[in-house]
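Q: So here's run_11.cif, just mmCIF, C-alpha atoms:
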data_structure
#
loop_
_atom_site.label_atom_id
_atom_site.label_comp_id
_atom_site.auth_asym_id
_atom_site.auth_seq_id
_atom_site.Cartn_x
_atom_site.Cartn_y
_atom_site.Cartn_z
CA MET M 1 128.25 35.86 163.85
CA TYR M 2 129.82 36.74 160.51
CA GLU M 3 130.61 33.74 158.34
CA TYR M 4 133.22 34.12 155.62
CA ARG M 5 132.67 31.96 152.56
CA ARG M 6 135.36 31.66 149.96
CA MET M 7 133.89 31.00 146.54
CA LEU M 8 135.76 28.69 144.24
CA PRO M 9 137.10 30.30 141.06
CA HIS M 10 135.27 29.55 137.83
CA TYR M 11 137.72 28.95 135.00
CA GLN M 12 136.53 30.09 131.59
CA LYS M 13 138.17 29.92 128.20
CA ALA M 14 136.70 32.01 125.38
CA GLY M 15 134.84 29.94 122.82
CA ARG M 16 134.79 26.78 124.94
CA ALA M 17 131.65 25.09 126.19
CA VAL M 18 131.14 24.71 129.93
CA PHE M 19 129.34 21.83 131.65
CA VAL M 20 127.67 23.12 134.83
CA THR M 21 125.83 21.40 137.66
CA PHE M 22 124.12 23.19 140.53
CA CYS M 23 122.07 21.68 143.34
CA LYS M 24 119.16 22.49 145.60
CA GLY M 25 119.93 23.63 149.11
CA ASN M 26 117.93 20.74 150.56
CA SER M 27 117.14 17.20 149.48
CA GLU M 28 113.37 17.70 149.03
CA PRO M 29 112.66 17.17 145.31
CA PHE M 30 111.14 19.90 143.17
CA PRO M 31 107.56 19.33 142.07
CA PRO M 32 107.14 19.23 138.25
CA GLU M 33 105.77 22.81 138.16
CA ALA M 34 108.90 24.12 139.88
CA ARG M 35 111.14 22.17 137.51
CA ASN M 36 109.38 23.85 134.58
CA LEU M 37 110.06 27.27 136.14
CA VAL M 38 113.75 26.42 136.49
CA LEU M 39 113.93 25.35 132.85
CA GLN M 40 112.27 28.63 131.80
CA SER M 41 114.92 30.55 133.78
CA CYS M 42 117.68 28.54 132.07
CA LEU M 43 116.23 29.40 128.65
CA HIS M 44 115.71 33.10 129.36
CA ASP M 45 119.16 34.38 128.31
CA HIS M 46 119.80 31.77 125.61
CA LYS M 47 121.33 33.61 122.62
CA LYS M 48 121.64 36.77 124.75
CA ARG M 49 124.32 35.94 127.35
CA TYR M 50 125.05 32.33 126.43
CA GLN M 51 124.46 29.70 123.78
CA LEU M 52 122.65 26.90 125.58
CA HIS M 53 123.41 23.51 124.06
CA ALA M 54 121.46 21.43 126.58
CA ALA M 55 119.75 21.68 129.93
CA VAL M 56 117.95 19.24 132.17
CA VAL M 57 116.27 19.97 135.48
CA MET M 58 116.32 16.98 137.78
CA PRO M 59 114.34 16.79 141.06
CA GLU M 60 117.26 18.15 143.09
CA HIS M 61 119.86 19.48 140.62
CA VAL M 62 120.36 21.04 137.20
CA HIS M 63 122.81 20.26 134.39
CA LEU M 64 123.65 22.87 131.76
CA LEU M 65 125.92 22.78 128.76
CA LEU M 66 126.57 26.28 127.45
CA ASN M 67 128.99 28.67 125.77
CA PRO M 68 129.13 32.16 127.31
CA LEU M 69 128.60 34.82 124.63
CA CYS M 70 130.36 38.18 124.49
CA ASP M 71 128.98 41.49 125.67
CA GLU M 72 129.00 44.72 123.64
CA ARG M 73 132.68 45.27 124.51
CA GLY M 74 133.67 41.82 123.26
CA TRP M 75 134.20 40.27 126.70
CA PRO M 76 132.59 36.90 127.51
CA TYR M 77 129.85 37.05 130.10
CA GLY M 78 131.20 35.56 133.32
CA LEU M 79 129.90 32.20 134.45
CA PRO M 80 129.22 33.40 138.04
CA ALA M 81 127.02 36.22 136.69
CA ILE M 82 125.17 33.84 134.34
CA LEU M 83 124.49 31.38 137.16
CA LYS M 84 123.45 34.16 139.54
CA LEU M 85 120.79 35.26 137.05
CA ILE M 86 119.50 31.72 136.50
CA LYS M 87 119.51 30.79 140.18
CA GLY M 88 118.08 34.14 141.31
CA SER M 89 115.20 34.26 138.86
CA SER M 90 114.31 30.60 139.36
CA ALA M 91 114.43 30.95 143.17
CA GLN M 92 112.06 33.92 143.08
CA ARG M 93 109.63 32.07 140.82
CA ILE M 94 109.78 28.87 142.89
CA ASN M 95 109.27 30.74 146.16
CA LYS M 96 106.23 32.47 144.65
CA LEU M 97 104.86 29.17 143.34
CA LEU M 98 105.33 27.35 146.65
CA GLY M 99 104.44 30.29 148.92
CA SER M 100 107.85 30.09 150.55
CA SER M 101 110.86 32.33 150.96
CA GLY M 102 114.59 32.08 151.28
CA PRO M 103 117.40 30.39 149.39
CA ILE M 104 116.60 27.54 147.01
CA TRP M 105 120.06 26.70 145.66
CA GLN M 106 123.41 25.81 147.15
CA GLU M 107 125.71 28.79 146.77
CA GLU M 108 128.42 26.94 144.86
CA SER M 109 128.14 25.15 141.53
CA PHE M 110 130.36 22.66 139.77
CA ASP M 111 131.68 23.49 136.33
CA HIS M 112 134.06 21.97 133.81
CA VAL M 113 135.42 23.59 130.64
CA LEU M 114 135.21 21.12 127.77
CA ARG M 115 138.31 20.47 125.69
CA SER M 116 137.00 18.91 122.51
CA GLN M 117 133.99 18.19 120.30
CA GLU M 118 134.07 14.59 121.55
CA SER M 119 133.75 15.83 125.12
CA LEU M 120 130.82 18.08 124.09
CA GLU M 121 129.00 15.13 122.57
CA GLU M 122 129.67 12.99 125.67
CA LYS M 123 128.24 15.68 127.96
CA LEU M 124 125.21 16.14 125.68
CA GLU M 125 124.50 12.43 125.91
CA TYR M 126 125.03 12.46 129.69
CA ILE M 127 122.47 15.26 130.03
CA ARG M 128 119.99 13.49 127.74
CA GLN M 129 120.30 10.20 129.58
CA ASN M 130 120.30 11.54 133.17
CA PRO M 131 116.48 11.36 133.59
CA VAL M 132 116.42 7.91 131.97
CA ARG M 133 119.12 6.58 134.31
CA ARG M 134 117.20 7.93 137.31
CA GLY M 135 113.99 6.24 136.15
CA LEU M 136 112.12 9.54 135.71
CA VAL M 137 111.31 8.78 132.05
CA LYS M 138 111.47 5.65 129.91
CA THR M 139 113.29 7.23 126.96
CA GLN M 140 115.17 10.45 126.37
CA ARG M 141 112.37 11.59 124.03
CA ASN M 142 110.15 11.92 127.11
CA THR M 143 112.64 14.21 128.86
CA ARG M 144 111.58 17.76 129.63
CA GLY M 145 114.72 19.67 128.88
CA PHE M 146 116.52 21.57 126.19
CA GLY M 147 118.97 20.22 123.66
#
Take the structure in this file and express it as structure tokens.

A:
Amino acid sequence: MYEYRRMLPHYQKAGRAVFVTFCKGNSEPFPPEARNLVLQSCLHDHKKRYQLHAAVVMPEHVHLLLNPLCDERGWPYGLPAILKLIKGSSAQRINKLLGSSGPIWQEESFDHVLRSQESLEEKLEYIRQNPVRRGLVKTQRNTRGFG
């Protein structure tokens, strides 16, 4: 049976940072080695397709704060394409690591275009504190992430 899925639009505004969250397809937490692979995938196109301000890989979801950069024609890279690259490369690496196959991530992600510098700083702090709030680390200095 053919299933039609309507993807939600991803609003982008040139020069504005975007806060993105995407989740695993199941509730089983990633082992630490898999989380490291996801972080590597998030860092891969930093300064190529996007400016990554912060990233944290939690056991079952990822938070990113980034600005899409422009391609050779001057157009910003689209958020769906950026996320497809991150999710696709990390899924391949995780499946290889775990000896599994199939989808790793939920198809949809949640994103929010930031309006101000204050909002950027609030999201940075949210990302830094997320592992602390969850009890994964004692202080943000112990967080494995970027930013």

Q: Once the PyMOL selection byres ((chain M and resi 107) around 12) is applied to the coordinates I shared, what remains selected? I want it as a list in words.

A: Arg5, Arg6, Met7, Leu8, Thr21, Phe22, Cys23, Lys24, Gly25, Asn26, Pro80, Leu83, Lys84, Lys87, Gly88, Pro103, Ile104, Trp105, Gln106, Glu108, Ser109 and Phe110 of chain M

Q: Which residue, M:Asn95, M:Ser119, M:Asn67, M:Ser90, has the smallest gap to Gln40 of chain M when you use only C-alpha atoms?

A: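 Ranked by minimum distance to Gln40 of chain M, first place goes to M:Ser90.
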
Q: Around the point (132.2, 36.4, 128.1), in the coordinates given by the file, pick out the residues reaching within 9 Å, counting only C-alpha atoms, and return them as a PyMOL selection string.

A: chain M and resi 12-15+49-50+67-71+74-79

Q: For a test of reading the model, state the distance in Å between atom CA of Phe30 of chain M and atom CA of Glu60 of chain M, rounded to one decimal.

A: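 If I compute the distance from atom CA of Phe30 of chain M to atom CA of Glu60 of chain M, I get 6.4 Å.
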
Q: Check what the PyMOL selection byres ((chain M and resi 33) around 12) selects in the file above and give those residues as a list in words.

A: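 Against this file, the PyMOL selection byres ((chain M and resi 33) around 12) returns the residues Pro29, Phe30, Pro31, Pro32, Ala34, Arg35, Asn36, Leu37, Val38, Leu39, Gln40, Val57, Pro59, Ser90, Arg93, Ile94, Asn95, Lys96, Leu97, Leu98 and Arg144 of chain M.
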
Q: For Leu114 of chain M, work out the shell of residues within 7 Å, counting all atoms listed in the file and skipping chain neighbours fewer than 6 positions away, then give it as a count of residues only.

A: 4

Q: Could you tell me which of M:Tyr126, M:Ser116, M:Gly102, M:Ser27 comes closest to Leu64 of chain M if we count only C-alpha atoms?

A: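 Distance minimum relative to Leu64 of chain M lands on M:Tyr126.
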
Q: Can you list every residue of segment 51-117 of chain M that has an atom at most 9 Å from segment 128-140 of chain M, with its nearest atom pair and the distance in Å to one decimal, using all atoms listed in the file, ordered by chain then number, as a tab-separated table?

A:
residue	atom	partner	partner_atom	distance
M:Ala54	CA	M:Arg128	CA	8.2
M:Ala55	CA	M:Arg128	CA	8.5
M:Val56	CA	M:Arg128	CA	7.5
M:Val57	CA	M:Pro131	CA	8.8
M:Met58	CA	M:Pro131	CA	7.0

Q: What is the atom CA of His46 of chain M-atom CA of Glu28 of chain M distance in Å, reported with one decimal?

A: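 That distance, rounded to one decimal, is 28.1 Å.
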
Q: State, in Å with one decimal place, the distance from atom CA of Phe19 of chain M to atom CA of Leu43 of chain M.

A: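 The value is 15.4 Å.
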
Q: Taking all atoms listed in the file into account, which of M:Leu66, M:Ala81, M:Val113, M:Val20 comes nearest Lys47 of chain M?

A: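 Using all atoms listed in the file, the shortest distance to Lys47 of chain M belongs to M:Leu66.
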